[in-house]
Structure formats: structure tokens, C-alpha cells
>>> print(open('protein-v9.tsv').read())   # TSV, C-alpha atoms (C1' of nucleotides)
chain	number	residue	atom	x	y	z
E	134	MET	CA	0.00	0.00	0.00
E	135	THR	CA	1.22	3.47	-0.86
E	136	ASP	CA	1.51	5.94	2.00
E	137	PRO	CA	-1.95	7.54	2.22
E	138	GLN	CA	-0.43	10.88	3.18
E	139	THR	CA	1.64	10.89	-0.01
E	140	ARG	CA	-1.34	9.92	-2.09
E	141	TYR	CA	-3.45	12.66	-0.48
E	142	THR	CA	-0.81	15.26	-1.28
E	143	THR	CA	-0.58	14.05	-4.86
E	144	ILE	CA	-4.34	14.27	-5.37
E	145	VAL	CA	-4.53	17.74	-3.83
E	146	ASN	CA	-1.66	18.94	-5.99
E	147	ARG	CA	-3.35	17.57	-9.07
E	148	LEU	CA	-6.53	19.42	-8.12
E	149	ARG	CA	-4.61	22.65	-7.62
E	150	GLU	CA	-2.73	22.26	-10.91
E	151	ASN	CA	-6.06	22.07	-12.70
E	152	ASP	CA	-7.54	25.09	-10.95
E	153	HIS	CA	-10.11	23.26	-8.90
E	154	LYS	CA	-11.08	24.85	-5.61
E	155	LEU	CA	-10.08	23.08	-2.44
E	156	THR	CA	-13.35	22.97	-0.55
E	157	PRO	CA	-13.56	21.13	2.77
E	158	GLN	CA	-15.90	18.55	1.25
E	159	ARG	CA	-13.59	17.94	-1.70
E	160	LEU	CA	-10.56	17.55	0.52
E	161	ALA	CA	-12.41	15.17	2.83
E	162	ILE	CA	-13.39	12.99	-0.12
E	163	ALA	CA	-9.82	13.10	-1.42
E	164	LYS	CA	-8.54	11.97	1.96
E	165	ILE	CA	-10.82	8.95	2.03
E	166	LEU	CA	-9.86	8.03	-1.52
E	167	ALA	CA	-6.16	8.39	-0.64
E	168	HIS	CA	-6.65	5.70	1.97
E	169	SER	CA	-9.29	3.65	0.10
E	170	GLU	CA	-9.49	1.10	2.87
E	171	GLY	CA	-11.72	-1.68	1.66
E	172	HIS	CA	-12.25	0.09	-1.66
E	173	PRO	CA	-15.16	2.34	-0.69
E	174	SER	CA	-18.32	2.91	-2.68
E	175	VAL	CA	-19.85	6.35	-3.14
E	176	GLU	CA	-22.41	5.39	-0.51
E	177	THR	CA	-19.66	4.41	1.93
E	178	ILE	CA	-17.81	7.68	1.43
E	179	HIS	CA	-21.00	9.64	1.92
E	180	GLN	CA	-21.83	7.85	5.15
E	181	ALA	CA	-18.28	8.19	6.46
E	182	LEU	CA	-18.56	11.97	6.13
E	183	GLN	CA	-21.96	12.35	7.76
E	184	GLY	CA	-20.25	13.15	11.04
E	185	ASP	CA	-18.18	16.04	9.74
E	186	PHE	CA	-20.59	17.15	7.01
E	187	PRO	CA	-24.16	16.29	8.04
E	188	THR	CA	-25.69	18.11	5.07
E	189	MET	CA	-23.33	16.81	2.41
E	190	SER	CA	-25.29	15.44	-0.54
E	191	LEU	CA	-24.61	12.27	-2.48
E	192	ALA	CA	-24.33	14.42	-5.60
E	193	THR	CA	-21.26	16.12	-4.16
E	194	VAL	CA	-19.58	12.77	-3.57
E	195	TYR	CA	-20.43	11.62	-7.08
E	196	ARG	CA	-19.17	14.86	-8.61
E	197	ASN	CA	-15.86	14.82	-6.76
E	198	VAL	CA	-15.10	11.15	-7.25
E	199	LEU	CA	-15.77	11.70	-10.95
E	200	LEU	CA	-13.53	14.76	-10.96
E	201	ILE	CA	-10.64	12.98	-9.26
E	202	LYS	CA	-11.12	10.03	-11.58
E	203	SER	CA	-10.88	12.38	-14.57
E	204	LEU	CA	-7.50	13.46	-13.22
E	205	GLY	CA	-6.37	9.83	-13.26
E	206	GLU	CA	-6.08	9.71	-9.48
E	207	VAL	CA	-8.67	7.06	-8.71
E	208	LEU	CA	-9.37	3.63	-10.16
E	209	GLU	CA	-13.02	2.80	-10.75
E	210	LEU	CA	-14.10	-0.80	-10.29
E	211	GLY	CA	-17.49	-1.47	-11.85
E	212	PHE	CA	-19.08	-4.81	-11.05
E	213	ALA	CA	-21.76	-6.82	-12.82
E	214	ASP	CA	-24.29	-6.17	-10.07
E	215	GLY	CA	-24.05	-2.45	-10.83
E	216	SER	CA	-22.03	-1.54	-7.76
E	217	ASN	CA	-19.04	0.74	-8.24
E	218	ARG	CA	-16.08	0.76	-5.86
E	219	TYR	CA	-13.06	3.08	-5.86
E	220	ASP	CA	-9.34	2.90	-5.20
E	221	GLY	CA	-7.48	6.17	-4.92
E	222	ASN	CA	-4.52	4.59	-3.16
E	223	LYS	CA	-3.42	2.51	-6.13
E	224	PRO	CA	-5.13	4.28	-9.04
E	225	TYR	CA	-3.65	1.99	-11.66
E	226	PRO	CA	-4.82	-1.47	-12.84
E	227	HIS	CA	-4.06	-4.26	-10.36
E	228	PRO	CA	-5.59	-7.60	-9.34
E	229	HIS	CA	-8.36	-7.83	-6.75
E	230	VAL	CA	-9.79	-10.56	-4.60
E	231	VAL	CA	-13.44	-10.03	-3.67
E	232	CYS	CA	-15.33	-11.80	-0.88
E	233	VAL	CA	-18.77	-12.66	-2.19
E	234	LYS	CA	-20.19	-12.71	1.32
E	235	CYS	CA	-18.87	-9.59	3.10
E	236	LYS	CA	-17.87	-7.70	-0.08
E	237	ALA	CA	-14.34	-7.08	1.22
E	238	ILE	CA	-11.78	-6.36	-1.49
E	239	ILE	CA	-8.11	-7.24	-1.10
E	240	ASP	CA	-5.11	-6.42	-3.32
E	241	PRO	CA	-2.89	-9.49	-3.65
E	242	ASP	CA	0.67	-9.39	-4.96
E	243	LEU	CA	0.67	-11.85	-7.83
E	244	GLU	CA	4.06	-12.94	-9.08
E	245	SER	CA	2.41	-14.79	-11.94
E	246	LEU	CA	0.67	-11.72	-13.39
E	247	LYS	CA	3.73	-10.70	-15.39
E	248	ASP	CA	4.05	-14.22	-16.77
E	249	MET	CA	0.37	-14.33	-17.67
E	250	THR	CA	0.58	-11.03	-19.51
E	251	ALA	CA	3.52	-12.41	-21.46
E	252	GLU	CA	1.56	-15.58	-22.21
E	253	VAL	CA	-1.41	-13.57	-23.49
E	254	SER	CA	0.86	-11.52	-25.68
E	255	ALA	CA	2.63	-14.58	-27.05
E	256	GLU	CA	-0.57	-16.48	-27.79
E	257	THR	CA	-2.66	-13.69	-29.29
E	258	GLY	CA	-0.11	-11.28	-30.73
E	259	PHE	CA	-1.83	-8.45	-28.87
E	260	LYS	CA	0.15	-5.55	-27.48
E	261	ILE	CA	-1.25	-5.55	-23.93
E	262	LEU	CA	-1.93	-2.12	-22.43
E	263	SER	CA	-3.92	-2.84	-19.27
E	264	HIS	CA	-5.98	-5.45	-17.53
E	265	ARG	CA	-8.81	-6.19	-15.14
E	266	VAL	CA	-8.04	-9.23	-13.01
E	267	ASP	CA	-10.55	-10.10	-10.28
E	268	PHE	CA	-10.98	-13.27	-8.26
E	269	PHE	CA	-14.18	-14.00	-6.37
E	270	GLY	CA	-14.44	-16.23	-3.35
E	271	VAL	CA	-14.95	-16.45	0.40
E	272	CYS	CA	-12.50	-14.78	2.75
E	273	LYS	CA	-11.02	-16.47	5.81
E	274	ALA	CA	-13.37	-14.74	8.24
E	275	CYS	CA	-16.51	-15.64	6.27
E	276	GLN	CA	-15.36	-19.25	5.85
E	277	THR	CA	-15.33	-19.75	9.61
E	278	SER	CA	-18.23	-17.51	10.61
E	279	ILE	CA	-21.24	-19.31	12.03
E	280	LYS	CA	-24.32	-18.12	10.22
R	178	MET	CA	-15.95	-22.39	-29.56
R	179	THR	CA	-18.49	-24.97	-28.58
R	180	ASP	CA	-20.90	-26.10	-31.29
R	181	PRO	CA	-23.82	-23.64	-31.06
R	182	GLN	CA	-26.31	-26.38	-31.89
R	183	THR	CA	-25.09	-28.43	-28.95
R	184	ARG	CA	-25.24	-25.42	-26.65
R	185	TYR	CA	-28.76	-24.62	-27.81
R	186	THR	CA	-29.89	-28.17	-27.08
R	187	THR	CA	-28.29	-28.04	-23.65
R	188	ILE	CA	-30.01	-24.78	-22.75
R	189	VAL	CA	-33.39	-26.03	-23.96
R	190	ASN	CA	-32.97	-29.26	-22.00
R	191	ARG	CA	-32.08	-27.31	-18.89
R	192	LEU	CA	-35.21	-25.20	-19.35
R	193	ARG	CA	-37.34	-28.32	-19.75
R	194	GLU	CA	-35.78	-30.00	-16.71
R	195	ASN	CA	-36.80	-27.03	-14.61
R	196	ASP	CA	-40.36	-26.95	-15.92
R	197	HIS	CA	-40.06	-23.73	-17.85
R	198	LYS	CA	-42.32	-23.37	-20.84
R	199	LEU	CA	-40.71	-23.30	-24.25
R	200	THR	CA	-42.23	-20.20	-25.78
R	201	PRO	CA	-41.09	-19.03	-29.20
R	202	GLN	CA	-39.58	-15.88	-27.66
R	203	ARG	CA	-37.66	-17.86	-25.07
R	204	LEU	CA	-36.31	-20.29	-27.64
R	205	ALA	CA	-35.26	-17.45	-29.94
R	206	ILE	CA	-33.35	-15.79	-27.12
R	207	ALA	CA	-31.75	-19.12	-26.20
R	208	LYS	CA	-30.62	-19.59	-29.78
R	209	ILE	CA	-28.89	-16.21	-29.89
R	210	LEU	CA	-27.21	-16.89	-26.54
R	211	ALA	CA	-26.06	-20.31	-27.76
R	212	HIS	CA	-24.18	-18.58	-30.55
R	213	SER	CA	-23.22	-15.43	-28.60
R	214	GLU	CA	-21.41	-13.99	-31.57
R	215	GLY	CA	-19.73	-10.81	-30.40
R	216	HIS	CA	-21.02	-11.22	-26.86
R	217	PRO	CA	-24.45	-9.61	-27.35
R	218	SER	CA	-26.10	-7.14	-24.99
R	219	VAL	CA	-29.78	-7.27	-24.03
R	220	GLU	CA	-30.35	-4.42	-26.43
R	221	THR	CA	-28.59	-6.29	-29.23
R	222	ILE	CA	-30.67	-9.41	-28.64
R	223	HIS	CA	-33.86	-7.39	-28.59
R	224	GLN	CA	-33.02	-5.66	-31.86
R	225	ALA	CA	-31.96	-8.92	-33.51
R	226	LEU	CA	-35.42	-10.34	-32.82
R	227	GLN	CA	-37.43	-7.36	-34.02
R	228	GLY	CA	-37.83	-9.05	-37.38
R	229	ASP	CA	-39.37	-12.26	-36.06
R	230	PHE	CA	-41.07	-10.74	-33.01
R	231	PRO	CA	-41.95	-7.10	-33.72
R	232	THR	CA	-43.84	-6.69	-30.44
R	233	MET	CA	-41.34	-8.39	-28.18
R	234	SER	CA	-40.59	-6.22	-25.18
R	235	LEU	CA	-37.22	-5.54	-23.60
R	236	ALA	CA	-38.62	-6.92	-20.35
R	237	THR	CA	-39.01	-10.33	-21.96
R	238	VAL	CA	-35.38	-10.32	-23.03
R	239	TYR	CA	-34.25	-9.26	-19.57
R	240	ARG	CA	-36.41	-11.90	-17.90
R	241	ASN	CA	-35.21	-14.73	-20.11
R	242	VAL	CA	-31.54	-13.83	-20.05
R	243	LEU	CA	-31.85	-13.67	-16.26
R	244	LEU	CA	-33.64	-17.02	-16.21
R	245	ILE	CA	-31.04	-18.75	-18.37
R	246	LYS	CA	-28.31	-17.15	-16.30
R	247	SER	CA	-29.93	-18.54	-13.14
R	248	LEU	CA	-29.65	-21.98	-14.72
R	249	GLY	CA	-25.92	-21.40	-15.14
R	250	GLU	CA	-26.17	-21.42	-18.93
R	251	VAL	CA	-24.99	-17.90	-19.67
R	252	LEU	CA	-22.03	-15.85	-18.48
R	253	GLU	CA	-22.70	-12.21	-17.66
R	254	LEU	CA	-19.95	-9.71	-18.44
R	255	GLY	CA	-20.46	-6.29	-16.88
R	256	PHE	CA	-18.17	-3.55	-18.14
R	257	ALA	CA	-17.10	-0.30	-16.51
R	258	ASP	CA	-19.21	1.80	-18.88
R	259	GLY	CA	-22.33	0.13	-17.51
R	260	SER	CA	-22.89	-2.14	-20.47
R	261	ASN	CA	-23.69	-5.79	-19.79
R	262	ARG	CA	-22.77	-8.42	-22.36
R	263	TYR	CA	-23.57	-12.13	-22.39
R	264	ASP	CA	-21.89	-15.36	-23.42
R	265	GLY	CA	-24.10	-18.43	-23.60
R	266	ASN	CA	-21.62	-20.35	-25.72
R	267	LYS	CA	-18.99	-20.63	-22.99
R	268	PRO	CA	-21.09	-19.94	-19.89
R	269	TYR	CA	-18.25	-20.44	-17.44
R	270	PRO	CA	-15.60	-17.92	-16.33
R	271	HIS	CA	-12.78	-17.57	-18.85
R	272	PRO	CA	-10.23	-14.92	-19.81
R	273	HIS	CA	-10.85	-12.36	-22.52
R	274	VAL	CA	-8.52	-10.27	-24.60
R	275	VAL	CA	-10.14	-7.11	-25.91
R	276	CYS	CA	-8.79	-4.90	-28.68
R	277	VAL	CA	-9.28	-1.30	-27.63
R	278	LYS	CA	-9.30	-0.18	-31.26
R	279	CYS	CA	-11.56	-2.58	-33.16
R	280	LYS	CA	-13.33	-4.03	-30.08
R	281	ALA	CA	-12.56	-7.59	-31.14
R	282	ILE	CA	-12.73	-10.11	-28.30
R	283	ILE	CA	-10.60	-13.25	-28.19
R	284	ASP	CA	-10.73	-16.14	-25.74
R	285	PRO	CA	-7.13	-17.21	-25.07
R	286	ASP	CA	-6.14	-20.47	-23.42
R	287	LEU	CA	-3.96	-19.46	-20.49
R	288	GLU	CA	-1.86	-22.19	-18.94
R	289	SER	CA	-0.87	-19.87	-16.12
R	290	LEU	CA	-4.44	-19.24	-14.95
R	291	LYS	CA	-4.52	-22.35	-12.77
R	292	ASP	CA	-1.22	-21.36	-11.16
R	293	MET	CA	-2.44	-17.84	-10.56
R	294	THR	CA	-5.60	-19.06	-8.87
R	295	ALA	CA	-3.47	-21.22	-6.60
R	296	GLU	CA	-1.23	-18.27	-5.85
R	297	VAL	CA	-4.21	-16.09	-4.93
R	298	SER	CA	-5.59	-18.77	-2.65
R	299	ALA	CA	-2.24	-19.31	-0.96
R	300	GLU	CA	-1.58	-15.63	-0.40
R	301	THR	CA	-5.01	-14.50	0.77
R	302	GLY	CA	-6.56	-17.59	2.36
R	303	PHE	CA	-9.66	-17.08	0.21
R	304	LYS	CA	-11.58	-20.02	-1.14
R	305	ILE	CA	-11.71	-19.00	-4.80
R	306	LEU	CA	-15.01	-19.64	-6.58
R	307	SER	CA	-14.68	-17.77	-9.85
R	308	HIS	CA	-12.78	-15.05	-11.64
R	309	ARG	CA	-12.93	-12.27	-14.15
R	310	VAL	CA	-9.76	-11.95	-16.17
R	311	ASP	CA	-9.68	-9.41	-19.00
R	312	PHE	CA	-6.71	-8.01	-20.87
R	313	PHE	CA	-6.94	-4.86	-22.96
R	314	GLY	CA	-4.60	-4.04	-25.81
R	315	VAL	CA	-4.15	-3.73	-29.54
R	316	CYS	CA	-4.60	-6.74	-31.80
R	317	LYS	CA	-2.18	-7.73	-34.56
R	318	ALA	CA	-4.29	-6.23	-37.33
R	319	CYS	CA	-4.71	-2.88	-35.58
R	320	GLN	CA	-0.99	-2.70	-34.77
R	321	THR	CA	-0.08	-2.78	-38.44
R	322	SER	CA	-2.97	-0.76	-39.80
R	323	ILE	CA	-2.05	2.59	-41.26
R	324	LYS	CA	-4.00	5.33	-39.54
F	267	DT	C1'	-58.10	-26.05	-17.77
F	268	DT	C1'	-54.27	-24.58	-15.19
F	269	DT	C1'	-50.29	-22.22	-14.73
F	270	DT	C1'	-46.77	-19.71	-16.61
F	271	DC	C1'	-45.28	-16.13	-19.88
F	272	DT	C1'	-45.70	-11.92	-22.38
F	273	DG	C1'	-46.35	-6.95	-23.28
F	274	DC	C1'	-47.25	-2.82	-21.43
F	275	DA	C1'	-46.51	0.57	-18.16
F	276	DA	C1'	-45.16	1.93	-13.77
F	277	DA	C1'	-41.67	1.53	-10.34
F	278	DT	C1'	-37.04	0.90	-9.03
F	279	DG	C1'	-32.16	2.11	-7.83
F	280	DC	C1'	-28.11	4.38	-8.94
F	281	DT	C1'	-26.14	8.31	-11.12
F	282	DT	C1'	-26.35	12.81	-13.35
F	283	DT	C1'	-28.08	17.45	-14.04
F	284	DG	C1'	-30.43	22.21	-13.38
F	285	DC	C1'	-30.74	25.86	-10.50
F	286	DA	C1'	-30.22	29.14	-6.74
F	287	DT	C1'	-27.38	29.93	-2.84
F	288	DG	C1'	-22.97	29.73	-0.54
F	289	DG	C1'	-18.10	29.99	-0.21
F	290	DG	C1'	-13.07	29.64	-2.11
F	291	DA	C1'	-9.37	32.52	-4.16
O	16	DT	C1'	-15.61	40.49	-6.55
O	17	DC	C1'	-15.95	36.58	-9.58
O	18	DC	C1'	-16.93	32.07	-10.46
O	19	DC	C1'	-16.85	27.59	-9.07
O	20	DA	C1'	-18.91	24.27	-5.78
O	21	DT	C1'	-22.62	22.69	-2.96
O	22	DG	C1'	-27.31	21.06	-1.65
O	23	DC	C1'	-31.59	20.07	-3.04
O	24	DA	C1'	-34.76	18.26	-6.10
O	25	DA	C1'	-35.83	16.72	-10.52
O	26	DA	C1'	-34.37	14.18	-14.47
O	27	DG	C1'	-32.06	10.18	-16.74
O	28	DC	C1'	-31.16	5.33	-17.77
O	29	DA	C1'	-30.95	0.64	-17.56
O	30	DT	C1'	-33.30	-2.88	-15.26
O	31	DT	C1'	-37.13	-4.86	-12.53
O	32	DT	C1'	-41.86	-5.54	-11.22
O	33	DG	C1'	-47.21	-5.56	-11.15
O	34	DC	C1'	-50.96	-6.71	-13.70
O	35	DA	C1'	-54.29	-8.44	-17.14
O	36	DG	C1'	-54.61	-10.93	-21.14
O	37	DA	C1'	-52.38	-14.68	-24.11
O	38	DA	C1'	-50.38	-18.96	-24.71
O	39	DA	C1'	-47.97	-23.42	-23.40
O	40	DA	C1'	-48.77	-28.01	-21.48
>>> encode(input="protein-v9.tsv", output="C-alpha cells")
Amino acid sequence: MTDPQTRYTTIVNRLRENDHKLTPQRLAIAKILAHSEGHPSVETIHQALQGDFPTMSLATVYRNVLLIKSLGEVLELGFADGSNRYDGNKPYPHPHVVCVKCKAIIDPDLESLKDMTAEVSAETGFKILSHRVDFFGVCKACQTSIK
Amino acid sequence: MTDPQTRYTTIVNRLRENDHKLTPQRLAIAKILAHSEGHPSVETIHQALQGDFPTMSLATVYRNVLLIKSLGEVLELGFADGSNRYDGNKPYPHPHVVCVKCKAIIDPDLESLKDMTAEVSAETGFKILSHRVDFFGVCKACQTSIK
DNA sequence: TTTTCTGCAAATGCTTTGCATGGGA
DNA sequence: TCCCATGCAAAGCATTTGCAGAAAA
């Protein structure tokens, strides 16, 4: 994981460079994205800020996540069920492991990803630019939970 | 690619086994899914059937794709732009290679996929159930095309 | 005949947009 | 001061659902 403080600074700088105002709401959203613990959804971000900004609207979260995404500082993960999750800590393509029960998302380090990319290239002749690699399963905690 | 005729028969049998009526609309949708040329969307399927069923509603397509999916006979591919595409020819998780220029989609055979799944399991402790592995790049033809 | 399926329209649920006010720079 | 940003509500969009009539078995 990248240092959240560093990521936060980077995002704020990028906002400044592009002449976007640094409102308290915007900075608060940027801070959450810089951490991106558990890969938050818009809903999660909104709820997390209810304490500090009781009147903050969902629209503001949507607008700012979209803005930061347009600056290339957040990775959007759209899923088949329509849910969108965000990662502003590692805003570049990387593998994910998703728990189908508790919806937790983990970033594994996969040694074999480089080899697989090479294999794809060799077999198809494609020049590979990016990827979306997700695994779905049940996390340790959910495997042992009594329910 | 699996023989579309075989896939069609399998889907129809599965429908019969589960006591679902074989309406003309349902069978027509099953036939398109059995071929799944170009990984059709609901919209695409609906338009393709306008000739034979001018009054067919989108709801019917949605309901039947959902039904066949619930029988495990179609793979749903949700993309970041919100579009959902379906594959009833190979209804199980498999890797895709997408050309970002001409939108061609290839199904590569990746030897390293099994190893990667094992690596994910070993590193995270997850019990892996399925995956979504897509690579994006430029195909051979588009690499050499003069533009 | 019985039960499911279809077509239509209304209702979702998530995301975006219009507008007037509020607040950065 | 000058605009951009926010909050609210309304509008969009793709998908789902309720209902009455139509069709499969």
C-alpha cells in the first residue's frame, strides 16, 4: 500500500494544478480516496462523512469522485451487479480478490501476473496495455463464521 | 468455440428439466445466446429479434436472459461503462482479450491461470469460486494498420 | 383447464443534471 | 468580486416488477 499521506498530497496537488477549488468537502473525499481502505463505494464515502458534514449530498460525492477520476487519481471498479467501488490509493490497474459474502476487497501481490501477460501476448499477438483481473471467493473470516 | 447447436440443445434441455415453458420468444433468445457472436447485450438481442417478433418487449429479453443465467447457462460480463454483455456459448468464467481499437474479443487459453488461482488462494486464504480476467490491448491487425 | 409467460406501463435504484445559494481565491 | 462548488430536487437510464390478457402443457 502506498503511503496515504503521499497519495493525499498528490491528489490535492493535481486538483490545484487544474484550478479546482479546495473545498472542505472535496478535501475530505480526497482523503478517504487516498486511503481507500476496503475500496469504498460512493455510498460508503458519503456515510463516512456524515459526522463532519451532516448536510453533504450524495451528488457532491459523485461529482468529486468523478472529478478525481478524470484526473487519473482514482481507479473505478465497476461490477456486474451495478455496484461501483473506488481505489485512490493505487489508481492503476491491479488484481483484486473479492469476498462474495462480506464484499471485502483485497489487493494481492501476484508474481504470476507478469508471466500471464507475457503468455497472453505470445498467444494472441496483442500488445497488452492494461488489464482487469478479479478473483471472487470467500474470505477467511466468512469461511469460519457461524451463520 | 463450442458447437452452437449443442449449446442450444443443452439450454433447452435445462429449461425443460426445470419446468419452464418453451415459448417461441424464449427459444429465440436461447438460440442467440447459444451462438453469442460478439457477446451480445440485451439491447442487441432485442433488436436482432425485431424481425421475427416485432412486439417483443425488452422486459421479456431481460427476464429470459436472467432465467437462463440462473440456470448457469450464460455468463454475464459487466463492463465499466455500464454495459452488460452475455456469453451463452462458454457460460463459465474464462479470460478475454479485448482490442481497444476494433473491439474484437478473443478467448485465449492461459496455462498460467490455474497457477495464478493457486497463488491467490495461498496468499489470501480465500476459497476462490470464480474469476474475471480481462486483458486490454491492440490486436495484430490494428498494430499494423495505417492510420 | 391450469399455470406460466408476455407486453405494457409503472416503479425501481443508482447516477447525473439544473438551479439558486454559498463559499473559495 | 468573480466564479466555481454545494445542496436540493428533478431528471435520466438501464433494469425490474405488477398486472391483465395470451399462450404453453
>>> interface_residues(input="protein-v9.tsv", of="chain O", to="chain E", cutoff="9 Å", atoms="only C-alpha atoms (C1' of nucleotides)", output="ChimeraX atom specification")
/O:19-23
>>> interface_residues(input="protein-v9.tsv", of="chain R", to="chain E", cutoff="9 Å", atoms="only C-alpha atoms", output="JSON, numbers by chain")
{"R": [253, 254, 255, 256, 257, 258, 259, 261, 274, 275, 276, 283, 285, 286, 287, 288, 289, 290, 292, 293, 294, 296, 297, 300, 301, 302, 303, 304, 305, 306, 307, 308, 309, 310, 311, 312, 313, 314, 315, 316, 317, 320]}
>>> atom_distance(input="protein-v9.tsv", atom1="CA of Gln224 in chain R", atom2="CA of Tyr263 in chain R")
14.9 Å
>>> interface_residues(input="protein-v9.tsv", of="chain F", to="chain E", cutoff="12 Å", atoms="all atoms listed in the file", output="number ranges by chain")
F: 279-283, 288-291
>>> atom_distance(input="protein-v9.tsv", atom1="CA of Val175 in chain E", atom2="C1' of DT31 in chain O")
22.6 Å
>>> calpha_fit_rmsd(input="protein-v9.tsv", fixed="chain R", moving="chain E")
1.6 Å
>>> atom_distance(input="protein-v9.tsv", atom1="CA of Ile162 in chain E", atom2="C1' of DC18 in chain O")
22.0 Å
>>> closest_residue(input="protein-v9.tsv", among="R:Val238, R:Ala205, R:Ile188, R:Met178", to="DG273 in chain F", atoms="only C-alpha atoms (C1' of nucleotides)")
R:Val238
>>> closest_residue(input="protein-v9.tsv", among="R:Arg262, R:Lys291, R:His271, R:Arg193", to="DA40 in chain O", atoms="all atoms listed in the file")
R:Arg193
>>> closest_residue(input="protein-v9.tsv", among="R:Leu226, R:Ala211, R:Leu204, R:Ala281", to="Thr179 in chain R", atoms="only C-alpha atoms")
R:Ala211
>>> closest_residue(input="protein-v9.tsv", among="R:Ser218, R:Ala225, R:Asp264, R:Leu248", to="Asn190 in chain R", atoms="only C-alpha atoms")
R:Leu248
>>> residues_around(input="protein-v9.tsv", residues="Gly265 in chain R", least_positions_apart="4", cutoff="8 Å", atoms="all atoms listed in the file", output="ChimeraX atom specification")
/R:184,210-213,250-252
>>> residues_near_point(input="protein-v9.tsv", point="(-51.8, -26.3, -17.2)", cutoff="9 Å", atoms="only C-alpha atoms (C1' of nucleotides)", output="list in words")
DT267, DT268, DT269 and DT270 of chain F; DA39 and DA40 of chain O
>>> build_atoms(input="protein-v9.tsv", residues="range 189-196 of chain E", atoms="all heavy atoms", output="PDB file, in the coordinates of the input")
ATOM      1  N   MET E 189     -23.958  17.122   3.695  1.00  0.00           N
ATOM      2  CA  MET E 189     -23.330  16.810   2.410  1.00  0.00           C
ATOM      3  C   MET E 189     -24.231  15.890   1.579  1.00  0.00           C
ATOM      4  O   MET E 189     -24.749  14.890   2.077  1.00  0.00           O
ATOM      5  CB  MET E 189     -21.976  16.131   2.589  1.00  0.00           C
ATOM      6  CG  MET E 189     -21.318  15.770   1.266  1.00  0.00           C
ATOM      7  SD  MET E 189     -19.837  14.762   1.465  1.00  0.00           S
ATOM      8  CE  MET E 189     -18.626  16.025   1.753  1.00  0.00           C
ATOM      9  N   SER E 190     -24.402  16.233   0.319  1.00  0.00           N
ATOM     10  CA  SER E 190     -25.290  15.440  -0.540  1.00  0.00           C
ATOM     11  C   SER E 190     -24.505  14.368  -1.281  1.00  0.00           C
ATOM     12  O   SER E 190     -23.302  14.485  -1.488  1.00  0.00           O
ATOM     13  CB  SER E 190     -25.980  16.347  -1.549  1.00  0.00           C
ATOM     14  OG  SER E 190     -25.046  16.833  -2.476  1.00  0.00           O
ATOM     15  N   LEU E 191     -25.215  13.334  -1.683  1.00  0.00           N
ATOM     16  CA  LEU E 191     -24.610  12.270  -2.480  1.00  0.00           C
ATOM     17  C   LEU E 191     -24.050  12.848  -3.780  1.00  0.00           C
ATOM     18  O   LEU E 191     -22.996  12.420  -4.256  1.00  0.00           O
ATOM     19  CB  LEU E 191     -25.646  11.199  -2.805  1.00  0.00           C
ATOM     20  CG  LEU E 191     -25.693   9.976  -1.892  1.00  0.00           C
ATOM     21  CD1 LEU E 191     -26.850   9.081  -2.266  1.00  0.00           C
ATOM     22  CD2 LEU E 191     -24.381   9.208  -1.970  1.00  0.00           C
ATOM     23  N   ALA E 192     -24.756  13.825  -4.330  1.00  0.00           N
ATOM     24  CA  ALA E 192     -24.330  14.420  -5.600  1.00  0.00           C
ATOM     25  C   ALA E 192     -22.922  14.974  -5.499  1.00  0.00           C
ATOM     26  O   ALA E 192     -22.129  14.858  -6.437  1.00  0.00           O
ATOM     27  CB  ALA E 192     -25.305  15.518  -6.022  1.00  0.00           C
ATOM     28  N   THR E 193     -22.603  15.560  -4.352  1.00  0.00           N
ATOM     29  CA  THR E 193     -21.260  16.120  -4.160  1.00  0.00           C
ATOM     30  C   THR E 193     -20.209  15.023  -4.178  1.00  0.00           C
ATOM     31  O   THR E 193     -19.135  15.188  -4.759  1.00  0.00           O
ATOM     32  CB  THR E 193     -21.199  16.897  -2.837  1.00  0.00           C
ATOM     33  OG1 THR E 193     -22.039  18.047  -2.939  1.00  0.00           O
ATOM     34  CG2 THR E 193     -19.782  17.349  -2.518  1.00  0.00           C
ATOM     35  N   VAL E 194     -20.522  13.886  -3.556  1.00  0.00           N
ATOM     36  CA  VAL E 194     -19.580  12.770  -3.570  1.00  0.00           C
ATOM     37  C   VAL E 194     -19.406  12.274  -5.000  1.00  0.00           C
ATOM     38  O   VAL E 194     -18.280  12.096  -5.472  1.00  0.00           O
ATOM     39  CB  VAL E 194     -20.064  11.619  -2.665  1.00  0.00           C
ATOM     40  CG1 VAL E 194     -19.034  10.495  -2.661  1.00  0.00           C
ATOM     41  CG2 VAL E 194     -20.302  12.119  -1.249  1.00  0.00           C
ATOM     42  N   TYR E 195     -20.500  12.075  -5.695  1.00  0.00           N
ATOM     43  CA  TYR E 195     -20.430  11.620  -7.080  1.00  0.00           C
ATOM     44  C   TYR E 195     -19.588  12.575  -7.915  1.00  0.00           C
ATOM     45  O   TYR E 195     -18.699  12.161  -8.666  1.00  0.00           O
ATOM     46  CB  TYR E 195     -21.833  11.528  -7.688  1.00  0.00           C
ATOM     47  CG  TYR E 195     -22.532  10.226  -7.403  1.00  0.00           C
ATOM     48  CD1 TYR E 195     -23.603  10.162  -6.529  1.00  0.00           C
ATOM     49  CD2 TYR E 195     -22.103   9.043  -8.000  1.00  0.00           C
ATOM     50  CE1 TYR E 195     -24.253   8.957  -6.264  1.00  0.00           C
ATOM     51  CE2 TYR E 195     -22.739   7.841  -7.744  1.00  0.00           C
ATOM     52  CZ  TYR E 195     -23.817   7.808  -6.873  1.00  0.00           C
ATOM     53  OH  TYR E 195     -24.437   6.622  -6.613  1.00  0.00           O
ATOM     54  N   ARG E 196     -19.873  13.876  -7.793  1.00  0.00           N
ATOM     55  CA  ARG E 196     -19.170  14.860  -8.610  1.00  0.00           C
ATOM     56  C   ARG E 196     -17.673  14.850  -8.349  1.00  0.00           C
ATOM     57  O   ARG E 196     -16.855  14.927  -9.272  1.00  0.00           O
ATOM     58  CB  ARG E 196     -19.748  16.257  -8.365  1.00  0.00           C
ATOM     59  CG  ARG E 196     -20.990  16.528  -9.208  1.00  0.00           C
ATOM     60  CD  ARG E 196     -21.439  17.971  -9.108  1.00  0.00           C
ATOM     61  NE  ARG E 196     -22.186  18.218  -7.877  1.00  0.00           N
ATOM     62  CZ  ARG E 196     -23.390  18.775  -7.826  1.00  0.00           C
ATOM     63  NH1 ARG E 196     -23.994  19.135  -8.930  1.00  0.00           N
ATOM     64  NH2 ARG E 196     -24.001  18.969  -6.690  1.00  0.00           N
TER      65      ARG E 196
END
